[in-house]
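**Student:** There's a structure below that I have some questions on.
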Amino acid sequence: MIARSYPFGPVDGLDLHPTYTRLRDEEPLARVKLPHGEEGWLLTRYDDVRLALSDPRFSLAQAAVRDTPRMGPTRIGAILTDLDPPDHTRLRRLLAHAFTVRRVEQLRATAQRVAGDLLDEMEKAGPPADLLTAFAIPLPGLMVCDLLGVPYADRDHFQSLAEAFMSITAMTDEEKLSKLGELAGYLAGLADQRRAHQEDDLISALVVAQEEGDRLTAEELVQITVLLLGAGYDSTASHIANSVHTLLTHPDQADLLRADPELMPGAVEELLRWIPGQEIADILPRYALEDVELSGGTVRAGEPVLLAKHAANRDPRQFPDPDRFDVTRNAKGHLAFGHGPHHCIGAQLARMDVQVALTALLERFPDLRLAGDVTWRTGMAMRGPLAMPVTW
């Protein structure tokens, strides 16, 4: 079988490339070849992607020692995503002691205050405004820094470092590794400070987290913190901007939310389902440990699969009329945060940030609208605008 060149090609804004729909219907197990690494299988159906995310017959750890399908010449892994159970389970359990729903909900009032302050500044400056720089980037940035215990004064520096974590081709491997090394060094120093003087933040909680005498090593703590900061900062900022763009281009749905704010939690789930946040399939290939039967055929032991979660979230077998954006839809079960043992541990924080951001924007600026062309970034793990002018 001849492998298709992947990614399929550029798309406008938040459109889903039409090839995904065709493959999902006709060839749910499609052979693809990325710019680097070996060929792999692209999964586009909901049931197949969900199974590969949770079935122990698929391994993330194998990707750390294989010539994985990838966009850049160098594979750059991360501690939680390069492990299978039980090693992954151990770290996840230790992290869960610090990253609790209670801790996230305690931050909701802070998020509301920060969102209000940012909108005060935006309103004072007057329209038009770039929603990215005025609101979508600083809100999750300040929240992640507050959660971890990173000083407020460092937030601008951390934005560029977080972008390095999410870069696919936007930076060279050398640039990316340099920035990640700088970030790791900074966080190691912060962890040393917390060992001497604990505060009410996540890094302090990670320093003392233990389970039956087992604790995080200094290297594990830094790597986990880098992962949380990079993934939590950039991806949430992109999703806030993408969500606002989606609502402004579907004004009837925005009107429903203004009329009934209690729809917001469900609307955020629908936004997570509908928006194809990733530019390509999940950048973390899984390797089959044995032959596995899927919708389109058999994945043989030792073969990698790439998971098109954004295509799976548009599978009509799971979500009726899936291309329609509907804030009243029950979108539970979407795969935006993954599924199974590697389900995003920061999902609750991201949900809360987006709920707070959209609620505050719709209340403050009921006539918010786009004020010009939106430019979109490329070469990053998360799709999103480079600039998004708005007015009111």
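Labels for the structure tokens follow display order: chains A, B, ..., residues from 1 in each chain, ligands from 1.
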Just the strand (DSSP E) stuff from region 255-360 of chain A, please, per backbone DSSP, written as a ChimeraX atom specification.

**Tutor:** /A:286-288,292-294,297-299,304-307

**Student:** Can you tell me, as a PyMOL selection string, what residues are no more than 10 Å from region 57-73 of chain A when counting only C-alpha atoms, ignoring any on the same chain fewer than 5 positions away?

**Tutor:** chain A and resi 6-7+32-41+51-52+78-85+87-88+167-169+171-173+280+283-292+301-306+342+379

**Student:** Would you mind exporting the chosen residues as a tab-separated table (two decimals), in the first residue's frame, restricted to N, CA and C atoms?

**Tutor:**
```tsv
chain	number	residue	atom	x	y	z
A	6	TYR	N	1.63	13.17	4.56
A	6	TYR	CA	0.86	13.76	5.66
A	6	TYR	C	1.72	14.77	6.37
A	7	PRO	N	1.19	15.94	6.79
A	7	PRO	CA	-0.21	16.38	6.75
A	7	PRO	C	-0.72	16.57	5.32
A	32	VAL	N	0.10	6.49	6.11
A	32	VAL	CA	0.58	7.86	5.91
A	32	VAL	C	2.08	7.93	6.15
A	33	LYS	N	2.69	8.92	5.54
A	33	LYS	CA	4.12	9.17	5.69
A	33	LYS	C	4.32	10.64	6.03
A	34	LEU	N	4.89	10.91	7.22
A	34	LEU	CA	5.21	12.26	7.64
A	34	LEU	C	6.59	12.64	7.10
A	35	PRO	N	7.00	13.92	7.25
A	35	PRO	CA	8.30	14.33	6.71
A	35	PRO	C	9.48	13.53	7.26
A	36	HIS	N	9.35	13.01	8.49
A	36	HIS	CA	10.45	12.27	9.11
A	36	HIS	C	9.91	11.02	9.79
A	37	GLY	N	10.78	10.03	9.90
A	37	GLY	CA	10.41	8.81	10.59
A	37	GLY	C	9.74	7.79	9.68
A	38	GLU	N	9.36	6.68	10.29
A	38	GLU	CA	8.76	5.59	9.54
A	38	GLU	C	7.29	5.87	9.22
A	39	GLU	N	6.75	5.06	8.32
A	39	GLU	CA	5.33	5.20	7.99
A	39	GLU	C	4.47	4.73	9.16
A	40	GLY	N	3.21	5.17	9.16
A	40	GLY	CA	2.30	4.77	10.21
A	40	GLY	C	0.87	4.71	9.69
A	41	TRP	N	-0.03	4.31	10.56
A	41	TRP	CA	-1.46	4.23	10.24
A	41	TRP	C	-2.18	5.41	10.87
A	51	LEU	N	-10.22	3.64	21.41
A	51	LEU	CA	-9.60	2.39	21.82
A	51	LEU	C	-8.07	2.54	21.90
A	52	ALA	N	-7.47	3.16	20.89
A	52	ALA	CA	-6.02	3.30	20.88
A	52	ALA	C	-5.51	4.18	22.02
A	78	ALA	N	8.44	13.82	26.35
A	78	ALA	CA	8.11	14.41	27.65
A	78	ALA	C	7.85	13.26	28.62
A	79	ILE	N	8.14	13.51	29.88
A	79	ILE	CA	8.19	12.42	30.85
A	79	ILE	C	6.88	11.64	30.96
A	80	LEU	N	5.76	12.31	31.10
A	80	LEU	CA	4.50	11.59	31.28
A	80	LEU	C	4.05	10.91	29.99
A	81	THR	N	4.44	11.44	28.85
A	81	THR	CA	3.98	10.90	27.58
A	81	THR	C	4.94	9.86	27.00
A	82	ASP	N	6.04	9.59	27.68
A	82	ASP	CA	6.98	8.57	27.22
A	82	ASP	C	6.92	7.32	28.10
A	83	LEU	N	5.89	7.19	28.89
A	83	LEU	CA	5.79	6.08	29.82
A	83	LEU	C	4.46	5.35	29.66
A	84	ASP	N	4.49	4.06	29.91
A	84	ASP	CA	3.29	3.24	30.02
A	84	ASP	C	3.11	2.86	31.49
A	85	PRO	N	1.89	2.41	31.88
A	85	PRO	CA	1.75	1.85	33.21
A	85	PRO	C	2.69	0.64	33.38
A	87	ASP	N	4.84	2.58	35.33
A	87	ASP	CA	5.67	3.75	35.59
A	87	ASP	C	4.86	5.04	35.46
A	88	HIS	N	4.03	5.12	34.41
A	88	HIS	CA	3.18	6.29	34.22
A	88	HIS	C	2.19	6.42	35.37
A	167	SER	N	5.91	23.98	19.89
A	167	SER	CA	6.34	24.12	18.49
A	167	SER	C	6.50	22.76	17.83
A	168	ILE	N	6.06	22.67	16.58
A	168	ILE	CA	6.33	21.48	15.76
A	168	ILE	C	7.40	21.84	14.72
A	169	THR	N	7.10	22.85	13.90
A	169	THR	CA	8.08	23.30	12.90
A	169	THR	C	8.31	24.81	12.96
A	171	MET	N	9.87	26.51	15.14
A	171	MET	CA	11.25	26.76	15.58
A	171	MET	C	12.12	25.61	15.11
A	172	THR	N	13.41	25.90	14.96
A	172	THR	CA	14.34	24.81	14.69
A	172	THR	C	14.48	23.95	15.95
A	173	ASP	N	14.95	22.73	15.78
A	173	ASP	CA	15.16	21.88	16.94
A	173	ASP	C	16.14	22.51	17.92
A	280	ILE	N	-2.40	18.77	13.13
A	280	ILE	CA	-2.34	17.43	12.55
A	280	ILE	C	-2.85	16.45	13.60
A	283	ILE	N	0.41	14.30	18.03
A	283	ILE	CA	1.84	14.21	17.74
A	283	ILE	C	2.52	13.10	18.55
A	284	LEU	N	1.75	12.32	19.30
A	284	LEU	CA	2.29	11.22	20.10
A	284	LEU	C	1.84	9.89	19.50
A	285	PRO	N	2.62	9.30	18.59
A	285	PRO	CA	2.21	8.01	18.03
A	285	PRO	C	2.21	6.91	19.09
A	286	ARG	N	1.29	5.96	18.95
A	286	ARG	CA	1.27	4.77	19.78
A	286	ARG	C	1.72	3.58	18.93
A	287	TYR	N	2.39	2.63	19.57
A	287	TYR	CA	2.86	1.44	18.88
A	287	TYR	C	2.10	0.21	19.36
A	288	ALA	N	1.64	-0.58	18.40
A	288	ALA	CA	0.93	-1.81	18.74
A	288	ALA	C	1.91	-2.83	19.32
A	289	LEU	N	1.57	-3.38	20.48
A	289	LEU	CA	2.40	-4.41	21.10
A	289	LEU	C	2.04	-5.80	20.59
A	290	GLU	N	0.88	-5.91	19.97
A	290	GLU	CA	0.44	-7.15	19.35
A	290	GLU	C	-0.51	-6.77	18.22
A	291	ASP	N	-0.91	-7.74	17.41
A	291	ASP	CA	-1.86	-7.45	16.34
A	291	ASP	C	-3.19	-6.98	16.95
A	292	VAL	N	-3.73	-5.89	16.40
A	292	VAL	CA	-4.99	-5.33	16.91
A	292	VAL	C	-5.94	-5.11	15.73
A	301	ALA	N	1.70	-5.97	15.14
A	301	ALA	CA	2.60	-5.69	16.25
A	301	ALA	C	3.83	-4.94	15.75
A	302	GLY	N	4.18	-3.87	16.46
A	302	GLY	CA	5.34	-3.06	16.09
A	302	GLY	C	5.04	-1.90	15.17
A	303	GLU	N	3.79	-1.77	14.72
A	303	GLU	CA	3.44	-0.67	13.82
A	303	GLU	C	2.87	0.51	14.61
A	304	PRO	N	3.19	1.75	14.18
A	304	PRO	CA	2.67	2.94	14.88
A	304	PRO	C	1.33	3.40	14.32
A	305	VAL	N	0.51	3.96	15.20
A	305	VAL	CA	-0.74	4.58	14.78
A	305	VAL	C	-0.72	6.04	15.21
A	306	LEU	N	-1.28	6.89	14.36
A	306	LEU	CA	-1.46	8.31	14.68
A	306	LEU	C	-2.95	8.56	14.84
A	342	HIS	N	-3.81	8.38	29.90
A	342	HIS	CA	-3.10	9.61	29.54
A	342	HIS	C	-4.06	10.79	29.33
A	379	GLY	N	2.80	25.72	12.10
A	379	GLY	CA	3.97	25.07	12.67
A	379	GLY	C	3.90	24.82	14.16
```

**Student:** Calculate how many Å separate CA of Pro127 (chain A) from CA of Leu368 (chain A), rounding to one decimal.

**Tutor:**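 Atom-to-atom, CA of Pro127 (chain A) to CA of Leu368 (chain A), that is 9.9 Å.
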
**Student:** Given only C-alpha atoms as the basis, pick out the residue of A:Thr74, A:Pro128, A:Arg324, A:Pro86 nearest to Gln253 (chain A).

**Tutor:**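 For Gln253 (chain A), the nearest of the candidates is A:Arg324.
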
**Student:** Could you check which of A:Ala205, A:Asp154, A:Leu228, A:Val268 is closest to Met352 (chain A), using only C-alpha atoms?

**Tutor:** A:Val268

**Student:** So which one's closest to Phe135 (chain A), A:Ile224, A:Val356, A:Ile275, A:Ala153? Using only C-alpha atoms, please.

**Tutor:**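 Nearest candidate to Phe135 (chain A) out of A:Ile224, A:Val356, A:Ile275, A:Ala153: A:Val356.
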
**Student:** Excluding region 142-152 of chain A and its own-chain neighbours fewer than 6 positions away, which residues fall within 7 Å of it when counting only C-alpha atoms? Please give them as a ChimeraX atom specification.

**Tutor:** /A:111,201-203,229,232-233

**Student:** Run DSSP on the backbone and tell me which residues of region 62-211 of chain A come out as alpha helix (DSSP H); list them as a ChimeraX atom specification.

**Tutor:** /A:87-96,101-106,108-125,131,138-148,155-166,173-196,202-208

**Student:** Report the closest atom pair, with its distance in Å rounded to one decimal, for each residue of region 172-273 of chain A that has an atom no farther than 10 Å from region 384-389 of chain A; count only C-alpha atoms, sort by chain and then rising residue number, and write it as a Markdown table.

**Tutor:**
```
| residue | atom | partner | partner_atom | distance |
| --- | --- | --- | --- | --- |
| A:Asp234 | CA | A:Gly384 | CA | 9.8 |
| A:Ser235 | CA | A:Gly384 | CA | 9.0 |
| A:Ala237 | CA | A:Gly384 | CA | 8.7 |
| A:Ser238 | CA | A:Gly384 | CA | 5.1 |
| A:His239 | CA | A:Gly384 | CA | 7.3 |
| A:Ile240 | CA | A:Gly384 | CA | 9.2 |
| A:Ala241 | CA | A:Gly384 | CA | 6.9 |
| A:Asn242 | CA | A:Gly384 | CA | 6.0 |
| A:Ser243 | CA | A:Gly384 | CA | 9.8 |
| A:Val244 | CA | A:Met388 | CA | 9.6 |
| A:His245 | CA | A:Met388 | CA | 8.3 |
```

**Student:** Could you check which of A:Glu219, A:Asp47, A:Glu363, A:Glu182 is closest to Pro261 (chain A), using only C-alpha atoms?

**Tutor:**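 When distances to Pro261 (chain A) are compared using only C-alpha atoms, the smallest one comes from A:Glu363.
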
**Student:** In Å to one decimal, how far is CA of Arg383 (chain A) from CA of Ala360 (chain A)?

**Tutor:**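 Here the two named atoms are 23.1 Å from each other.
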
**Student:** Work out how far apart CA of Leu43 (chain A) and CA of Gly340 (chain A) are and give it in Å to one decimal.

**Tutor:**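 Interatomic distance, CA of Leu43 (chain A) to CA of Gly340 (chain A): 16.8 Å.
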
**Student:** Do a neighbour search on Arg113 (chain A) at 12 Å with only C-alpha atoms, toss out local chain neighbours closer than 2 positions, and write the hits as JSON, numbers by chain.

**Tutor:** {"A": [107, 108, 109, 110, 111, 115, 116, 117, 118, 119, 120, 139, 142, 143, 353, 356, 357, 360]}

**Student:** Counting only C-alpha atoms, which residue out of A:Asp12, A:Asp156, A:Asp282, A:Glu174 sits closest to Ala311 (chain A)?

**Tutor:** A:Asp282

**Student:** For region 25-30 of chain A, work out the shell of residues within 8 Å, counting only C-alpha atoms and skipping chain neighbours fewer than 2 positions away, then give it as JSON, numbers by chain.

**Tutor:** {"A": [3, 4, 21, 22, 23, 32, 41, 42, 43, 44, 45, 294, 295, 296, 297]}

**Student:** Could you list, as a VMD selection string, every residue within 8 Å of Tyr46 (chain A), counting only C-alpha atoms and ignoring same-chain residues fewer than 3 positions away?

**Tutor:** chain A and resid 49 to 50 309 311 to 313 315 317 to 318
